[in-house]
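Inspection log for the structure reproduced underneath, given as structure tokens.
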Amino acid sequence: MSYHEKMMQNIKTKVAIIGAGPSGLLLGQLLAKKGIDNIIIERVSPDYVLGRIRAGILEQGLVDLLREADVSDRMDEEGHVHDGFAISYYGTSYRIDLNELTGGKTVMCYGQTEVTRDLMVARKENGASTYYSSTNVVLNDVDSASPSVTFEHEGESYLLDCDYIAGCDGFHGVSRKTIPEEKRTEFERVYPFGWLGLLSDTPPVSDELIYCKTDRGFALASQRSSTRSRYYIQVPLTDKVEDWSDDKFWDEFKKRLPADTARKLVTGPSIEKSIAPLRSFVCEPMQLGNLFLVGDAAHIVPPTGAKGLNLAASDVSILYRLLCKVYNDGEPSAVQGYSELALNRVWQAERFSWWMSNMLHDFKDDAGTANNLDQKTFERFMKSELDFFLTNKAGQEVIATQYVGLPYPQV
Ligand code: RFL
Ligand code: PHB
């Protein structure tokens, strides 16, 4: 026996979860509530996870799942239900009345940071283990009946034996890469721009979100609460956050808002500012043997449709229900249907997010080429498509139905 083997701590669980982002924490919470043991292994610290400012819009499916997981009290108290949002098209605003166009559906404005915080509190309360700040995380024998995870944590080496591994470790994680290249197909589109986001303790410029298509590029006015705003502008991929002082951001953002809204903008110091690249990505299948990819580990959408976190939630819901069938209903093969059940909804959201992105951003010369059109013809087609969708009820219904989220598949 080598020195390392001697020193290795041996631990055991039913489901090993890689990653303590919203996917991993929500899956862990739901499983724990059903008495299904799980251990989470996370690369960074809890504060680092909470410091990442990401999603703000939750579909009804995710809201319901948070309620099912018993972590919804603060969301129900502090979150804001949004009945609609606006698309500003070269200065003219069109309201998408989600409530009316979908027969009563809405979305919830409540930050991913807060969802994650609530899940962390619940996990602490139910006593389930999370190994934060772990290094050298390696998944072993995923294609066998006895997979395991090895990792290091606070100077100790661990061997975690388990029945299943849920790869909830985001786009840059280790789980997807554990599936040999010849056993997965990846679909990818990297967009030729990013989003510069700014968070500030200033009242939101509008009660509802405004997605703005302008000659200067895309902008989005979003929010976290009645006193905290989250705003974005499209920027070239070559830009760095340091290129954008707060003043420069506010000047540019203001120019992209409809004029009557811009007049109401309250500016202030940024609390956070970051640039996110935009990507469409899907890995098929979302599983190998007893490893299952969940959320950003399996797919990425550009944030334009507010779908990333929501897709992660539908994956969690499917995998959770299948694992319940395995452990509580005696159906050991149920979980093997995961990828097929998840992928249809994934592709629907991918298509919607790609379409919203095409419609609302300035692509310079890139998109025409990508669509085998010269740029000015492409721009005209996009303009007339958006015109059609925004000025026809049928078109608005198509946008609203997808924005509130398609139903989860029956498991
Ligand atoms: P995450 O959140 O990336 O969490 C993965 C976790 O895994 C850890 N990890 C590892 N752990 C162990 N071992 C390793 N080797 C590991 N490698 C990584 C990471 O540290 C991390 O803690 O993935 P998850 O849980 O699947 O959640 C996905 C969401 O975070 C993401 O889809 C959304 O934030 C996307 N998104 C939005 N989604 C929405 O539904 N609505 C929105 O309004 C919305 N807005 C956004 C967004 C994403 C954005 N950015 C920055 C990309 C706005 C922005 C700007
Ligand atoms: C956000 O508030 O961060 C947000 C909202 C809607 C989006 C993207 C991001 O489409």
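Within each chain, counting starts at residue 1; across the structure tokens, chains are named A, B, ... in the order shown, with ligands numbered 1 upward in that order.
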
Test item: residues at most 10 Å from Asn310 of chain A, only C-alpha atoms, excluding those fewer than 2 positions along its chain, as a list of chain:residue names: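 Residues near the query, excluding close chain neighbours: A:Ser23, A:Ala55, A:Ile57, A:Leu58, A:Glu59, A:Gln60, A:Gly61, A:Leu62, A:Val63, A:Gly295, A:Ala306, A:Lys307, A:Gly308, A:Ala312, A:Ala313, A:Ser314, A:Asp315, A:Val316, A:Ala349, A:Val404, A:Gly405.
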
Shell of 6 Å around segment 186-202 of chain A, only C-alpha atoms, local chain residues under 3 positions omitted, as a list in words: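 Neighbouring residues, sequence-local ones excluded: Thr227, Arg228, Ser229, Arg230, Tyr231, Tyr232, Ile233, Gln234, Val235, Pro236, Leu237, Ser270, Ile271, Glu272, Lys273, Ser274, Ile275, Ala276, Pro277, Leu278, Arg279, Ser280, Phe281, Val282 and Cys283 of chain A.
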
Please dump the current selection as a tab-separated table (two decimals), in the first residue's frame; keep N, CA, C and O atoms.
```tsv
chain	number	residue	atom	x	y	z
A	227	THR	N	-34.54	48.46	-4.80
A	227	THR	CA	-33.43	49.39	-4.55
A	227	THR	C	-32.14	48.96	-5.25
A	227	THR	O	-31.11	49.61	-5.07
A	228	ARG	N	-32.17	47.86	-5.97
A	228	ARG	CA	-30.94	47.36	-6.60
A	228	ARG	C	-31.18	47.06	-8.08
A	228	ARG	O	-32.10	46.31	-8.44
A	229	SER	N	-30.33	47.66	-8.93
A	229	SER	CA	-30.49	47.48	-10.39
A	229	SER	C	-29.39	46.60	-10.96
A	229	SER	O	-28.27	46.58	-10.44
A	230	ARG	N	-29.73	45.90	-12.03
A	230	ARG	CA	-28.74	45.12	-12.77
A	230	ARG	C	-28.91	45.51	-14.24
A	230	ARG	O	-29.98	45.29	-14.83
A	231	TYR	N	-27.88	46.12	-14.80
A	231	TYR	CA	-27.95	46.60	-16.17
A	231	TYR	C	-26.84	45.97	-17.01
A	231	TYR	O	-25.76	45.68	-16.49
A	232	TYR	N	-27.12	45.79	-18.29
A	232	TYR	CA	-26.13	45.19	-19.19
A	232	TYR	C	-26.05	45.98	-20.49
A	232	TYR	O	-27.06	46.51	-20.97
A	233	ILE	N	-24.85	45.99	-21.08
A	233	ILE	CA	-24.71	46.47	-22.47
A	233	ILE	C	-23.84	45.49	-23.25
A	233	ILE	O	-22.91	44.88	-22.71
A	234	GLN	N	-24.18	45.34	-24.52
A	234	GLN	CA	-23.35	44.55	-25.43
A	234	GLN	C	-22.03	45.28	-25.65
A	234	GLN	O	-22.02	46.49	-25.90
A	235	VAL	N	-20.90	44.55	-25.53
A	235	VAL	CA	-19.58	45.16	-25.80
A	235	VAL	C	-18.75	44.22	-26.67
A	235	VAL	O	-19.01	43.01	-26.69
A	236	PRO	N	-17.74	44.74	-27.38
A	236	PRO	CA	-16.88	43.86	-28.16
A	236	PRO	C	-16.12	42.90	-27.24
A	236	PRO	O	-15.82	43.25	-26.09
A	237	LEU	N	-15.85	41.71	-27.74
A	237	LEU	CA	-15.16	40.69	-26.93
A	237	LEU	C	-13.77	41.14	-26.49
A	237	LEU	O	-13.22	40.62	-25.52
A	270	SER	N	-20.90	51.47	-8.93
A	270	SER	CA	-21.16	50.04	-9.16
A	270	SER	C	-20.74	49.23	-7.93
A	270	SER	O	-19.79	49.58	-7.25
A	271	ILE	N	-21.51	48.15	-7.67
A	271	ILE	CA	-21.11	47.20	-6.62
A	271	ILE	C	-20.34	46.07	-7.27
A	271	ILE	O	-19.50	45.42	-6.68
A	272	GLU	N	-20.66	45.78	-8.53
A	272	GLU	CA	-20.00	44.73	-9.28
A	272	GLU	C	-20.10	45.08	-10.74
A	272	GLU	O	-21.08	45.66	-11.18
A	273	LYS	N	-19.04	44.70	-11.47
A	273	LYS	CA	-19.02	44.95	-12.92
A	273	LYS	C	-18.24	43.79	-13.53
A	273	LYS	O	-17.15	43.46	-13.06
A	274	SER	N	-18.80	43.14	-14.53
A	274	SER	CA	-18.07	42.02	-15.15
A	274	SER	C	-18.53	41.84	-16.59
A	274	SER	O	-19.62	42.28	-16.97
A	275	ILE	N	-17.67	41.18	-17.37
A	275	ILE	CA	-18.01	40.91	-18.77
A	275	ILE	C	-18.21	39.40	-18.93
A	275	ILE	O	-17.35	38.62	-18.52
A	276	ALA	N	-19.35	39.01	-19.51
A	276	ALA	CA	-19.62	37.59	-19.77
A	276	ALA	C	-19.62	37.35	-21.27
A	276	ALA	O	-20.29	38.08	-22.01
A	277	PRO	N	-18.88	36.34	-21.73
A	277	PRO	CA	-18.97	35.98	-23.14
A	277	PRO	C	-20.30	35.28	-23.41
A	277	PRO	O	-20.92	34.76	-22.49
A	278	LEU	N	-20.76	35.28	-24.65
A	278	LEU	CA	-22.04	34.64	-24.98
A	278	LEU	C	-21.80	33.40	-25.83
A	278	LEU	O	-21.02	33.45	-26.79
A	279	ARG	N	-22.49	32.32	-25.48
A	279	ARG	CA	-22.23	31.05	-26.13
A	279	ARG	C	-23.52	30.23	-26.16
A	279	ARG	O	-24.31	30.26	-25.23
A	280	SER	N	-23.72	29.50	-27.27
A	280	SER	CA	-24.73	28.43	-27.30
A	280	SER	C	-23.95	27.13	-27.33
A	280	SER	O	-23.03	26.99	-28.14
A	281	PHE	N	-24.32	26.18	-26.46
A	281	PHE	CA	-23.54	24.94	-26.38
A	281	PHE	C	-24.42	23.81	-25.87
A	281	PHE	O	-25.20	24.00	-24.92
A	282	VAL	N	-24.34	22.64	-26.50
A	282	VAL	CA	-25.02	21.46	-25.98
A	282	VAL	C	-24.09	20.26	-26.11
A	282	VAL	O	-23.43	20.09	-27.13
A	283	CYS	N	-24.06	19.44	-25.07
A	283	CYS	CA	-23.32	18.17	-25.10
A	283	CYS	C	-24.35	17.04	-25.12
A	283	CYS	O	-25.21	16.97	-24.25
```

Top pick for closest residue to ligand 2, considering A:Val346, A:Ala69, A:Leu27, A:Met356 and counting only C-alpha atoms and all ligand atoms: A:Met356

Interatomic distance, atom CA of Gly217 of chain A to atom CA of Arg256 of chain A (Å, one decimal):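 So the answer is 7.5 Å.
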
Nearest to Gln402 of chain A by atom-to-atom distance, counting only C-alpha atoms, from A:Gly51, A:Val174, A:Ser357, A:Glu350: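 For Gln402 of chain A, the nearest of the given residues is A:Glu350.
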
Distance query segment 141-152 of chain A at most 7 Å, only C-alpha atoms, self and fewer than 2 positions along chain excluded, as an NGL selection string: :A and (134-139 or 154-164 or 288-291)

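Each of A:Pro269, A:Pro46, A:Gly337, A:Pro303 was checked against ligand 1 using only C-alpha atoms and all ligand atoms; the smallest atom-to-atom distance is that of A:Pro303.
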
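You can rank A:Asp97, A:Asp362, A:Asp76, A:Asp374 by their closest distance to Lys393 of chain A using only C-alpha atoms, and at the top of that list sits A:Asp97.
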
Distance query segment 375-389 of chain A at most 12 Å, only C-alpha atoms, self and fewer than 4 positions along chain excluded, as an MDAnalysis selection string: chainID A and resid 87:90 92:96 213:215 355:371 393:400

Atoms kept (N, CA, C and O atoms) for selection, written as a CSV table (one decimal), in the first residue's frame:
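See out_1.csv below for the written result:
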```
chain,number,residue,atom,x,y,z
A,87,ILE,N,-39.8,45.1,-25.0
A,87,ILE,CA,-38.7,45.1,-26.0
A,87,ILE,C,-38.7,46.5,-26.6
A,87,ILE,O,-39.7,46.9,-27.2
A,88,SER,N,-37.6,47.2,-26.5
A,88,SER,CA,-37.5,48.5,-27.2
A,88,SER,C,-36.8,48.3,-28.5
A,88,SER,O,-35.7,47.8,-28.5
A,89,TYR,N,-37.5,48.7,-29.5
A,89,TYR,CA,-37.0,48.4,-30.9
A,89,TYR,C,-36.7,49.8,-31.6
A,89,TYR,O,-37.6,50.5,-31.9
A,90,TYR,N,-35.4,50.1,-31.6
A,90,TYR,CA,-34.9,51.4,-32.1
A,90,TYR,C,-35.8,52.5,-31.4
A,90,TYR,O,-36.3,53.4,-32.1
A,92,THR,N,-38.8,52.5,-29.9
A,92,THR,CA,-40.2,52.2,-29.7
A,92,THR,C,-40.4,51.0,-28.8
A,92,THR,O,-39.8,50.0,-29.1
A,93,SER,N,-41.1,51.2,-27.7
A,93,SER,CA,-41.3,50.1,-26.8
A,93,SER,C,-42.5,49.2,-27.1
A,93,SER,O,-43.6,49.8,-27.3
A,94,TYR,N,-42.4,47.9,-27.0
A,94,TYR,CA,-43.5,47.0,-27.1
A,94,TYR,C,-43.5,46.2,-25.9
A,94,TYR,O,-42.5,45.6,-25.5
A,95,ARG,N,-44.7,46.2,-25.2
A,95,ARG,CA,-44.8,45.4,-24.0
A,95,ARG,C,-45.3,44.0,-24.3
A,95,ARG,O,-46.2,43.8,-25.0
A,96,ILE,N,-44.5,43.0,-23.8
A,96,ILE,CA,-45.0,41.6,-23.9
A,96,ILE,C,-45.7,41.3,-22.6
A,96,ILE,O,-45.1,41.2,-21.5
A,213,LYS,N,-33.0,47.0,-28.4
A,213,LYS,CA,-32.3,46.8,-29.7
A,213,LYS,C,-32.0,48.2,-30.2
A,213,LYS,O,-32.9,49.0,-30.4
A,214,THR,N,-30.7,48.6,-30.4
A,214,THR,CA,-30.4,49.9,-30.9
A,214,THR,C,-29.3,49.9,-31.9
A,214,THR,O,-28.6,48.9,-32.0
A,215,ASP,N,-29.1,51.0,-32.5
A,215,ASP,CA,-28.0,51.2,-33.5
A,215,ASP,C,-26.6,51.0,-32.8
A,215,ASP,O,-25.6,50.7,-33.4
A,355,TRP,N,-32.4,32.7,-31.0
A,355,TRP,CA,-33.2,33.6,-31.8
A,355,TRP,C,-33.3,35.0,-31.1
A,355,TRP,O,-33.2,36.0,-31.8
A,356,MET,N,-33.5,35.1,-29.8
A,356,MET,CA,-33.6,36.3,-29.1
A,356,MET,C,-32.3,37.1,-29.3
A,356,MET,O,-32.2,38.3,-29.5
A,357,SER,N,-31.2,36.3,-29.3
A,357,SER,CA,-29.8,37.0,-29.4
A,357,SER,C,-29.7,37.5,-30.8
A,357,SER,O,-29.2,38.7,-31.0
A,358,ASN,N,-30.0,36.8,-31.8
A,358,ASN,CA,-29.9,37.2,-33.2
A,358,ASN,C,-30.7,38.5,-33.4
A,358,ASN,O,-30.3,39.4,-34.1
A,359,MET,N,-31.9,38.5,-32.8
A,359,MET,CA,-32.9,39.6,-33.1
A,359,MET,C,-32.4,40.9,-32.4
A,359,MET,O,-32.7,41.9,-33.0
A,360,LEU,N,-31.8,40.8,-31.3
A,360,LEU,CA,-31.6,42.0,-30.5
A,360,LEU,C,-30.2,42.6,-30.5
A,360,LEU,O,-30.0,43.7,-30.0
A,361,HIS,N,-29.2,41.8,-30.9
A,361,HIS,CA,-27.8,42.3,-30.9
A,361,HIS,C,-27.4,42.9,-32.2
A,361,HIS,O,-28.0,42.6,-33.3
A,362,ASP,N,-26.3,43.7,-32.2
A,362,ASP,CA,-25.7,44.2,-33.4
A,362,ASP,C,-24.5,43.2,-33.7
A,362,ASP,O,-23.6,43.1,-32.9
A,363,PHE,N,-24.6,42.6,-34.8
A,363,PHE,CA,-23.6,41.6,-35.2
A,363,PHE,C,-22.4,42.1,-36.0
A,363,PHE,O,-21.6,41.3,-36.5
A,364,LYS,N,-22.4,43.4,-36.3
A,364,LYS,CA,-21.5,43.9,-37.3
A,364,LYS,C,-21.5,43.0,-38.5
A,364,LYS,O,-22.6,42.8,-39.1
A,365,ASP,N,-20.3,42.4,-38.9
A,365,ASP,CA,-20.4,41.7,-40.2
A,365,ASP,C,-20.6,40.2,-39.9
A,365,ASP,O,-20.7,39.4,-40.9
A,366,ASP,N,-20.6,39.8,-38.7
A,366,ASP,CA,-20.5,38.3,-38.4
A,366,ASP,C,-21.7,37.5,-38.8
A,366,ASP,O,-21.6,36.5,-39.4
A,367,ALA,N,-22.9,38.0,-38.4
A,367,ALA,CA,-24.1,37.1,-38.5
A,367,ALA,C,-24.5,36.9,-39.9
A,367,ALA,O,-24.9,35.8,-40.3
A,368,GLY,N,-24.4,37.9,-40.7
A,368,GLY,CA,-24.8,37.7,-42.1
A,368,GLY,C,-23.9,36.6,-42.7
A,368,GLY,O,-24.5,35.7,-43.3
A,369,THR,N,-22.6,36.6,-42.5
A,369,THR,CA,-21.8,35.6,-43.0
A,369,THR,C,-22.2,34.2,-42.5
A,369,THR,O,-22.3,33.3,-43.2
A,370,ALA,N,-22.5,34.2,-41.1
A,370,ALA,CA,-22.8,32.9,-40.5
A,370,ALA,C,-24.1,32.4,-41.1
A,370,ALA,O,-24.4,31.2,-41.1
A,371,ASN,N,-25.0,33.3,-41.7
A,371,ASN,CA,-26.3,32.8,-42.2
A,371,ASN,C,-26.2,32.8,-43.8
A,371,ASN,O,-27.3,32.8,-44.4
A,393,LYS,N,-50.3,39.8,-32.4
A,393,LYS,CA,-50.5,39.1,-31.1
A,393,LYS,C,-49.9,37.7,-31.2
A,393,LYS,O,-49.4,37.2,-30.2
A,394,ALA,N,-50.1,37.1,-32.4
A,394,ALA,CA,-49.6,35.7,-32.5
A,394,ALA,C,-48.1,35.6,-32.3
A,394,ALA,O,-47.6,34.7,-31.6
A,395,GLY,N,-47.4,36.6,-32.8
A,395,GLY,CA,-46.0,36.7,-32.6
A,395,GLY,C,-45.6,36.9,-31.1
A,395,GLY,O,-44.7,36.3,-30.6
A,396,GLN,N,-46.3,37.8,-30.5
A,396,GLN,CA,-46.1,38.1,-29.1
A,396,GLN,C,-46.3,36.9,-28.2
A,396,GLN,O,-45.6,36.6,-27.3
A,397,GLU,N,-47.4,36.1,-28.6
A,397,GLU,CA,-47.7,34.9,-27.9
A,397,GLU,C,-46.5,33.9,-28.0
A,397,GLU,O,-46.2,33.2,-27.0
A,398,VAL,N,-45.9,33.8,-29.2
A,398,VAL,CA,-44.7,32.9,-29.3
A,398,VAL,C,-43.6,33.3,-28.4
A,398,VAL,O,-43.0,32.4,-27.7
A,399,ILE,N,-43.3,34.6,-28.3
A,399,ILE,CA,-42.3,35.1,-27.4
A,399,ILE,C,-42.6,34.8,-26.0
A,399,ILE,O,-41.9,34.2,-25.2
A,400,ALA,N,-43.9,35.1,-25.6
A,400,ALA,CA,-44.3,35.0,-24.2
A,400,ALA,C,-44.3,33.5,-23.7
A,400,ALA,O,-43.8,33.2,-22.6
```

Using only C-alpha atoms and all ligand atoms: which of A:Leu309, A:Leu119, A:Leu98, A:Leu265 has the shortest distance to ligand 2: A:Leu309

Distance in Å - atom CA of Arg345 of chain A versus atom CA of Leu319 of chain A: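 Taking atom CA of Arg345 of chain A as the start and atom CA of Leu319 of chain A as the end point, the length is 13.7 Å.
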
DSSP-assigned alpha helix (DSSP H) among segment 168-252 of chain A, expressed as JSON, numbers by chain: {"A": [175, 176, 177, 178, 246, 247, 248, 249, 250, 251, 252]}

Separation of atom CA of Gly170 of chain A from atom 25 (O, counted along the ligand's line) of ligand 1 in Å: 5.9 Å

Residue nearest ligand 2 - candidates A:Val241, A:Val335, A:Ala221, A:Leu293, atoms counted: only C-alpha atoms and all ligand atoms: A:Ala221
